[in-house]
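Trainee: Once you've had a glance at the structure underneath, I'll fire off some questions.
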Amino acid sequence: MTSQALWNRLADATASDAIAADAAHFNATWLALQASQIDGATQAVLVLGPPDTGPFLPAAFWPAGRVATELLAEVADLALEARQPTALQREGESAIAYPIVLGAHLHGLVALQASAYGDAVVQEAIRQLQWGVQGIEAALLRQQSLHEQATRERLMATLDLVASAMTEQKFAAAAHALVTDLAIRLDCDRVSVGFRRRAHTRVDAVSHSAQIGQRMDLIRAIGSAMDEAIDQKSLVRMPAPAAQTLVVRDHAALARQHGSDCILTVPFVTGEGVCGAFTFERPNDRAFLQTEVELCQAVVALCSRILEEKRLNDRLLVARLKDLARDQLGRFIGPRHFGRKLAAAVILLVVIFFCVASSRHHVGANAALEGAVRRVLVVPYDGYIETAGQRAGDVVKAGAVLATLDRRDLQLEYLRWASQADQYANQYQEALAKSDRVQVNVTLTQVEQAKAQMALLGEQIARASITAPFDGIVVSGDLSQSLGGAVKRGQTLFEIAPLNEYRVILEVDESDITDVREGQQGELMLSSLPGEVFPLAIGHLTPVTTSHEGRTFFRVEAAVGQASDRLRPGMEGIGKIDVGERKLIWQWTHKMIDWFRLAFWSWV
């Protein structure tokens with residue numbers, strides 16, 4: 001074939017997109033044209049492969065049907081390794097290899113063997129190959145451009161279809177919108193989607209049809225075709241390609257009964273044990289191309305998970321809980337998930353231990369310390385404060401003067417009655433001397449009245465000093481700022497409690513009061529003495545309740561078993577009452593269970 005004929009053939013291949021459709025034809029034509037341009041060329045080979053990684057395999061030979069010689073193979077290996085033009089001369093033959101580098105990536109090489117010999121000839125051949133390789137590089141660039149364009153188109157179509165599936169909120173609407181959009185874009189008569197339920201696939205949506213229940217034969221045939229593809233875990237095409245060795249009985253029945261000769265079913269998996277399929281149907285004159293099959297696979301891979309998520313969200317709460325329980329049970333009894341199983345076993349052992357083991361149960365309560373006796377010292381008569389030697393917090397001995405009242409008015413009154421008594425005594429003597437019986441009786445009565453008044457005043461004067469009745473501590477009362485102030489009879493001046501006798505007032509929650517009994521033992525720890533624990537003995541349960549912070553408490557009195565000179569009335573702390581042995585699980589859960597019982601009873 002002449003050079004002009006080769007150029008015409010190469011131009012026709014380029015103009016008719018033969019680069020993409022029949023690359024082998026273009027490679028052979030280009031290689032023949034290059035060999036014809038080099039004097040003495042006897043053999044040539046074009047090697048191509050995936051960039052940089054290979055493997056690099058022969059794409060065309062010249063002359064056709066020849067096998068590369070040892071010299072040609074050797075120079076090709078050296079050029080691939082060095083990634084630069086390489087020449088070998090041996091026994092009157094010259095071998096030249098020129099690598100094809102595009103964008104710093106090695107795509108292959110062209111190697112040529114010639115009978116000519118000499119450096120000038122070799123340089124001329126390399127120069128010719130350098131110019132000629134531009135054609136192969138242009139072809140590769142065109143192939144990449146076509147491939148990238150097809151990829152972009154497929155990506156845009158996939159994103160548009162994903163958007164149509166995500167626009168709808170409900171599963172049924174999203175599935176119907178997706179299959180209808182697929183049918184329009186791929187020029188299909190019908191597109192269907194179905195999800196596997198137990199052992200069979202149920203068709204959930206069919207393109208251009210909102211009601212799928214009216215054509216039960218068609219829906220049943222599509223579901224069987226989907227089951228066929230899912231069971232074989234493979235894409236199924238009809239008419240079947242030569243390389244496809246799958247069972248297509250149900251697909252053939254669908255085509256025979258409903259007139260769709262070209263069928264494509266793409267199965268998908270969205271989770272453990274959950275799968276489904278898309279079925280595409282066309283007439284016989286529009287078979288599915290490989291690019292369309294790849295687009296369908298990409299759309300199914302993305303949209304299937306979106307539809308599955310919407311399908312699960314549209315279920316009833318009972319169904320969701322059922323699936324969740326089944327999944328969790330499968331993880332516990334199935335393979336893997338060793339950490340989860342170990343944690344469950346540990347939790348089960350802990351629960352069993354707490355259900356069997358028991359310990360002493362204590363009821364906690366806020367506690368306040370009080371004196372066993374509290375003596376109140378009041379004003380014996382109306383008067384004024386003269387002195388105040390003690391006040392609240394002072395420790396006093398029995399008989400110690402706490403305060404005194406002003407006695408001057410009482411002393412004057414006492415002197416007045418004493419003078420009156422002497423006057424009545426003189427009158428009595430005169431009446432007695434005169435033997436006046438009536439006057440004697442009157443004056444005698446007046447004398448006794450005066451003496452009685454003197455005795456009363458004397459008692460009041462004696463009680464003007466407020467003294468401590470026993471050894472103790474002044475709990476309340478401070479008259480140091482009231483000297484000279486007036487006080488009324490019966491007004492409280494001081495409160496005194498003993499230092500060796502105390503009682504504890506416990507505030508027990510109403511939910512725990514049923515476990516508390518008289519005579520039970522307990523312990524007390526005070527906030528001011530956190531390092532000491534004092535024994536308690538429950539003495540009396542009173543029906544008096546107090547409420548604060550939204551809770552009700554019963555007042556329980558207890559005696560302190562071990563007194564200390566560091567104790568003082570008014571101290572507060574925490575008391576614990578030992579109510580006996582209880583199961584550990586009961587101790588931790590009884591309050592919550594009681595609350596649920598009360599809430600359920602009030603609701604029912």
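FYI, nothing fancy with the structure tokens labels: chains A, B, ... in order, residues from 1 per chain, ligands from 1 as they appear.
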If you count only C-alpha atoms, which residues fall within 9 Å of range 491-495 of chain A, apart from same-chain ones fewer than 2 positions away, as a PyMOL selection string?

Mentor: chain A and resi 374-380+391-392+402-403+466+473-479+487-489+497

Trainee: Take the selection from the previous step and output its residues with N, CA and C atoms, as a short mmCIF file (atom, residue, chain, number, x, y, z; two decimals), in the first residue's frame.

Mentor:
data_model
loop_
_atom_site.label_atom_id
_atom_site.label_comp_id
_atom_site.auth_asym_id
_atom_site.auth_seq_id
_atom_site.Cartn_x
_atom_site.Cartn_y
_atom_site.Cartn_z
N ARG A 374 -34.34 21.31 127.58
CA ARG A 374 -34.10 22.72 127.32
C ARG A 374 -34.90 23.53 128.34
N ARG A 375 -34.17 24.14 129.31
CA ARG A 375 -34.80 24.91 130.36
C ARG A 375 -34.92 26.38 129.92
N VAL A 376 -36.13 26.92 130.10
CA VAL A 376 -36.41 28.30 129.72
C VAL A 376 -36.40 29.17 130.97
N LEU A 377 -35.62 30.23 131.00
CA LEU A 377 -35.55 31.18 132.10
C LEU A 377 -36.31 32.44 131.67
N VAL A 378 -37.36 32.80 132.48
CA VAL A 378 -38.23 33.92 132.11
C VAL A 378 -38.13 35.02 133.16
N VAL A 379 -38.71 36.18 132.85
CA VAL A 379 -38.72 37.33 133.76
C VAL A 379 -39.75 37.07 134.89
N PRO A 380 -39.36 37.13 136.19
CA PRO A 380 -40.30 36.85 137.27
C PRO A 380 -41.30 37.99 137.52
N ARG A 391 -24.31 35.15 127.81
CA ARG A 391 -25.12 35.21 126.60
C ARG A 391 -25.02 33.87 125.86
N ALA A 392 -25.73 33.75 124.73
CA ALA A 392 -25.83 32.47 124.01
C ALA A 392 -24.45 31.97 123.62
N LEU A 402 -26.77 34.66 135.46
CA LEU A 402 -26.78 34.99 134.05
C LEU A 402 -27.09 36.46 133.82
N ALA A 403 -28.02 36.99 134.61
CA ALA A 403 -28.41 38.40 134.50
C ALA A 403 -29.13 38.79 135.78
N ILE A 466 -31.08 36.08 137.86
CA ILE A 466 -31.41 34.93 136.99
C ILE A 466 -30.20 34.00 137.01
N ILE A 473 -25.15 24.80 128.65
CA ILE A 473 -24.76 25.83 127.70
C ILE A 473 -25.96 26.70 127.43
N VAL A 474 -25.69 27.99 127.30
CA VAL A 474 -26.76 28.93 126.99
C VAL A 474 -27.07 28.79 125.49
N VAL A 475 -28.25 28.30 125.20
CA VAL A 475 -28.64 28.07 123.81
C VAL A 475 -29.09 29.35 123.14
N SER A 476 -29.84 30.18 123.87
CA SER A 476 -30.31 31.44 123.29
C SER A 476 -30.40 32.48 124.39
N GLY A 477 -30.32 33.72 124.00
CA GLY A 477 -30.43 34.82 124.95
C GLY A 477 -29.19 35.67 124.98
N ASP A 478 -29.36 36.96 124.70
CA ASP A 478 -28.24 37.90 124.74
C ASP A 478 -28.80 39.25 125.16
N LEU A 479 -28.54 39.61 126.44
CA LEU A 479 -29.05 40.87 126.98
C LEU A 479 -28.00 41.95 127.05
N VAL A 487 -38.58 44.91 130.73
CA VAL A 487 -39.00 43.55 130.41
C VAL A 487 -40.32 43.29 131.11
N LYS A 488 -41.09 42.38 130.54
CA LYS A 488 -42.38 42.02 131.08
C LYS A 488 -42.31 40.67 131.77
N ARG A 489 -43.20 40.49 132.67
CA ARG A 489 -43.27 39.22 133.38
C ARG A 489 -43.60 38.09 132.39
N ALA A 497 -29.40 24.32 127.85
CA ALA A 497 -29.45 22.88 127.61
C ALA A 497 -28.25 22.23 128.27
#

Trainee: Do you know which residues are at most 10 Å from Leu182 in chain A counting only C-alpha atoms, after dropping those on the same chain fewer than 3 positions away, and could you put them as a PDB file with C-alpha atoms, in the first residue's frame?

Mentor:
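Output file out-v5.pdb follows:
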ATOM      1  CA  ALA A 157     -27.051  12.130  34.931  1.00  0.00           C
ATOM      2  CA  THR A 158     -26.416  10.211  38.141  1.00  0.00           C
ATOM      3  CA  LEU A 161     -31.359  11.173  39.339  1.00  0.00           C
ATOM      4  CA  SER A 164     -34.956  13.488  42.034  1.00  0.00           C
ATOM      5  CA  HIS A 176     -41.992   6.576  41.722  1.00  0.00           C
ATOM      6  CA  ALA A 177     -40.226   9.835  40.809  1.00  0.00           C
ATOM      7  CA  LEU A 178     -36.881   8.052  40.428  1.00  0.00           C
ATOM      8  CA  VAL A 179     -38.069   5.199  38.194  1.00  0.00           C
ATOM      9  CA  ARG A 185     -33.603   9.551  30.490  1.00  0.00           C
ATOM     10  CA  LEU A 186     -32.722   6.015  29.343  1.00  0.00           C
ATOM     11  CA  ASP A 187     -35.570   5.772  26.803  1.00  0.00           C
ATOM     12  CA  CYS A 188     -37.090   2.736  28.534  1.00  0.00           C
ATOM     13  CA  ARG A 190     -40.728   0.604  31.880  1.00  0.00           C
ATOM     14  CA  VAL A 191     -38.422   0.869  34.927  1.00  0.00           C
ATOM     15  CA  SER A 192     -39.260  -0.880  38.194  1.00  0.00           C
ATOM     16  CA  SER A 207     -42.503   4.132  36.075  1.00  0.00           C
ATOM     17  CA  PHE A 280     -35.125  -1.752  32.960  1.00  0.00           C
ATOM     18  CA  CYS A 296     -27.552   2.180  35.448  1.00  0.00           C
ATOM     19  CA  VAL A 299     -27.446   5.216  39.643  1.00  0.00           C
TER      20      VAL A 299
END

Trainee: Apply DSSP to the structure's backbone, then extract all residues of range 415-509 of chain A labelled alpha helix (DSSP H) and return them as a PyMOL selection string.

Mentor: chain A and resi 415-433+437-462

Trainee: With distances taken over only C-alpha atoms, which of A:Ala95, A:Leu57, A:Ala73, A:Leu31 is nearest to Ile136 in chain A?

Mentor: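 Distance minimum relative to Ile136 in chain A lands on A:Leu31.
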
Trainee: Write out as a tab-separated table a residue-level contact list of range 101-123 of chain A versus range 127-133 of chain A with cut-off 10 Å: for each qualifying residue the closest pair of atoms and the distance in Å to one decimal, counting only C-alpha atoms, rows sorted by chain and residue number upward.

Mentor:
residue	atom	partner	partner_atom	distance
A:Val101	CA	A:Val133	CA	9.4
A:Leu109	CA	A:Val133	CA	8.8
A:Val110	CA	A:Leu129	CA	7.9
A:Ala111	CA	A:Leu129	CA	9.1
A:Leu112	CA	A:Leu129	CA	9.1
A:Val121	CA	A:Arg127	CA	9.9
A:Val122	CA	A:Arg127	CA	8.6
A:Gln123	CA	A:Arg127	CA	6.1

Trainee: Next, the residues of the selection above should be written as a compact mmCIF listing (two decimals), in the first residue's frame with C-alpha atoms.

Mentor:
# COMPACT_ATOMS: atom_id res chain seq x y z
CA VAL A 101 5.22 10.01 27.13
CA LEU A 109 6.52 2.99 22.88
CA VAL A 110 7.09 2.39 19.20
CA ALA A 111 10.02 0.17 18.21
CA LEU A 112 11.43 -0.26 14.69
CA VAL A 121 20.61 6.72 9.84
CA VAL A 122 19.68 6.06 13.45
CA GLN A 123 19.37 9.76 14.23

Trainee: Looking at only C-alpha atoms, which of A:Thr387, A:Arg503, A:Ala563, A:Pro569 is the one that sits closest to Gly472 in chain A?

Mentor: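 The closest residue to Gly472 in chain A is A:Pro569.
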
Trainee: So which bits of range 253-360 of chain A end up strand (DSSP E or B) when you DSSP the backbone, as a compact mmCIF listing (two decimals) with N, CA and C atoms, in the first residue's frame?

Mentor:
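Contents of result_29.txt, freshly written:
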# COMPACT_ATOMS: atom_id res chain seq x y z
N CYS A 262 -35.73 -6.48 25.46
CA CYS A 262 -34.45 -6.06 26.04
C CYS A 262 -34.68 -5.72 27.51
N ILE A 263 -34.08 -6.50 28.38
CA ILE A 263 -34.29 -6.34 29.83
C ILE A 263 -32.93 -6.28 30.51
N LEU A 264 -32.82 -5.38 31.45
CA LEU A 264 -31.62 -5.24 32.28
C LEU A 264 -32.05 -5.18 33.74
N THR A 265 -31.56 -6.11 34.54
CA THR A 265 -31.87 -6.11 35.98
C THR A 265 -30.58 -5.94 36.76
N VAL A 266 -30.53 -4.90 37.60
CA VAL A 266 -29.34 -4.57 38.39
C VAL A 266 -29.69 -4.76 39.86
N PRO A 267 -29.18 -5.80 40.52
CA PRO A 267 -29.45 -5.99 41.95
C PRO A 267 -28.58 -5.06 42.79
N PHE A 268 -28.97 -4.84 44.03
CA PHE A 268 -28.20 -4.01 44.96
C PHE A 268 -28.35 -4.56 46.36
N VAL A 269 -27.38 -4.21 47.19
CA VAL A 269 -27.37 -4.59 48.60
C VAL A 269 -27.24 -3.32 49.41
N THR A 270 -28.15 -3.09 50.35
CA THR A 270 -28.15 -1.86 51.16
C THR A 270 -27.82 -2.11 52.61
N GLY A 271 -27.66 -3.32 53.01
CA GLY A 271 -27.36 -3.63 54.41
C GLY A 271 -27.28 -5.12 54.59
N VAL A 274 -30.49 -7.18 53.52
CA VAL A 274 -31.51 -6.35 52.90
C VAL A 274 -31.04 -6.02 51.49
N CYS A 275 -31.81 -6.38 50.45
CA CYS A 275 -31.39 -6.12 49.09
C CYS A 275 -32.62 -5.95 48.22
N GLY A 276 -32.39 -5.58 46.97
CA GLY A 276 -33.46 -5.37 46.03
C GLY A 276 -32.87 -5.28 44.64
N ALA A 277 -33.66 -4.75 43.68
CA ALA A 277 -33.18 -4.69 42.30
C ALA A 277 -33.97 -3.64 41.54
N PHE A 278 -33.32 -3.14 40.47
CA PHE A 278 -33.96 -2.28 39.48
C PHE A 278 -34.06 -3.08 38.18
N THR A 279 -35.20 -3.01 37.52
CA THR A 279 -35.40 -3.69 36.24
C THR A 279 -35.74 -2.65 35.17
N PHE A 280 -34.94 -2.67 34.08
CA PHE A 280 -35.13 -1.75 32.96
C PHE A 280 -35.61 -2.55 31.74
N GLU A 281 -36.65 -2.07 31.05
CA GLU A 281 -37.23 -2.80 29.92
C GLU A 281 -37.30 -1.89 28.70
N ARG A 282 -36.90 -2.48 27.54
CA ARG A 282 -36.94 -1.79 26.25
C ARG A 282 -37.45 -2.74 25.17
N SER A 358 -26.53 -9.53 99.10
CA SER A 358 -27.28 -8.61 99.96
C SER A 358 -26.32 -7.95 100.94
N SER A 359 -26.77 -6.87 101.53
CA SER A 359 -25.98 -6.14 102.51
C SER A 359 -26.92 -5.36 103.42
N ARG A 360 -26.35 -4.76 104.44
CA ARG A 360 -27.15 -3.95 105.36
C ARG A 360 -27.63 -2.70 104.64

Trainee: I need the residue nearest Gln521 in chain A from this list: A:Gly458, A:Gly40, A:Gly575, A:Pro51. Use only C-alpha atoms for the distance.

Mentor: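 Nearest to Gln521 in chain A: A:Gly575.
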
Trainee: Let me make sure I understand: among A:Ala82, A:Ala24, A:Ala139, A:Ala87, which one has the smallest atom-to-atom distance to Phe61 in chain A if we use only C-alpha atoms?

Mentor: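 Comparing A:Ala82, A:Ala24, A:Ala139, A:Ala87 against Phe61 in chain A, the winner is A:Ala24.
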
Trainee: Go ahead and compute the interatomic distance for CA of Met454 in chain A and CA of Arg416 in chain A, in Å to one decimal.

Mentor: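 Between these atoms lies a distance of 9.0 Å.
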
Trainee: List as a ChimeraX atom specification the protein and nucleic acid residues near range 588-597 of chain A, meaning an atom at most 8 Å away when only C-alpha atoms are counted, but skip any in the same chain fewer than 4 places from it.

Mentor: /A:511,584,601

Trainee: Quick one: write out the picked residues with N, CA and C atoms as a short mmCIF file (atom, residue, chain, number, x, y, z; two decimals), in the first residue's frame?

Mentor:
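See selection.cif below for the written result:
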data_model
loop_
_atom_site.label_atom_id
_atom_site.label_comp_id
_atom_site.auth_asym_id
_atom_site.auth_seq_id
_atom_site.Cartn_x
_atom_site.Cartn_y
_atom_site.Cartn_z
N SER A 511 -41.01 8.18 101.77
CA SER A 511 -40.88 6.90 101.08
C SER A 511 -40.09 5.88 101.88
N LEU A 584 -28.98 -6.20 97.04
CA LEU A 584 -28.33 -5.03 96.46
C LEU A 584 -29.15 -4.44 95.31
N TRP A 601 -50.19 3.78 88.56
CA TRP A 601 -51.49 3.71 89.24
C TRP A 601 -52.29 4.99 89.06
#

Trainee: To one decimal in Å, tell me the separation between CA of Thr245 in chain A and CA of Glu228 in chain A.

Mentor: 13.2 Å

Trainee: Write out as a short mmCIF file (atom, residue, chain, number, x, y, z; two decimals) with C-alpha atoms, in the first residue's frame which residues come within 7 Å of Val440 in chain A when counting only C-alpha atoms, dropping same-chain ones fewer than 4 positions away.

Mentor:
data_model
loop_
_atom_site.label_atom_id
_atom_site.label_comp_id
_atom_site.auth_asym_id
_atom_site.auth_seq_id
_atom_site.Cartn_x
_atom_site.Cartn_y
_atom_site.Cartn_z
CA TYR A 428 -52.43 46.72 167.74
CA ALA A 431 -56.04 48.51 171.01
CA LEU A 432 -54.95 45.64 173.13
CA ASP A 436 -60.94 47.14 172.20
CA LEU A 444 -53.96 42.27 163.59
#

Trainee: Identify which of the residues A:Cys303, A:Ser209, A:Ala421, A:Pro85 lies closest to Asp160 in chain A, counting only C-alpha atoms when measuring atom-to-atom distances.

Mentor: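 Smallest separation from Asp160 in chain A among the options: A:Cys303.
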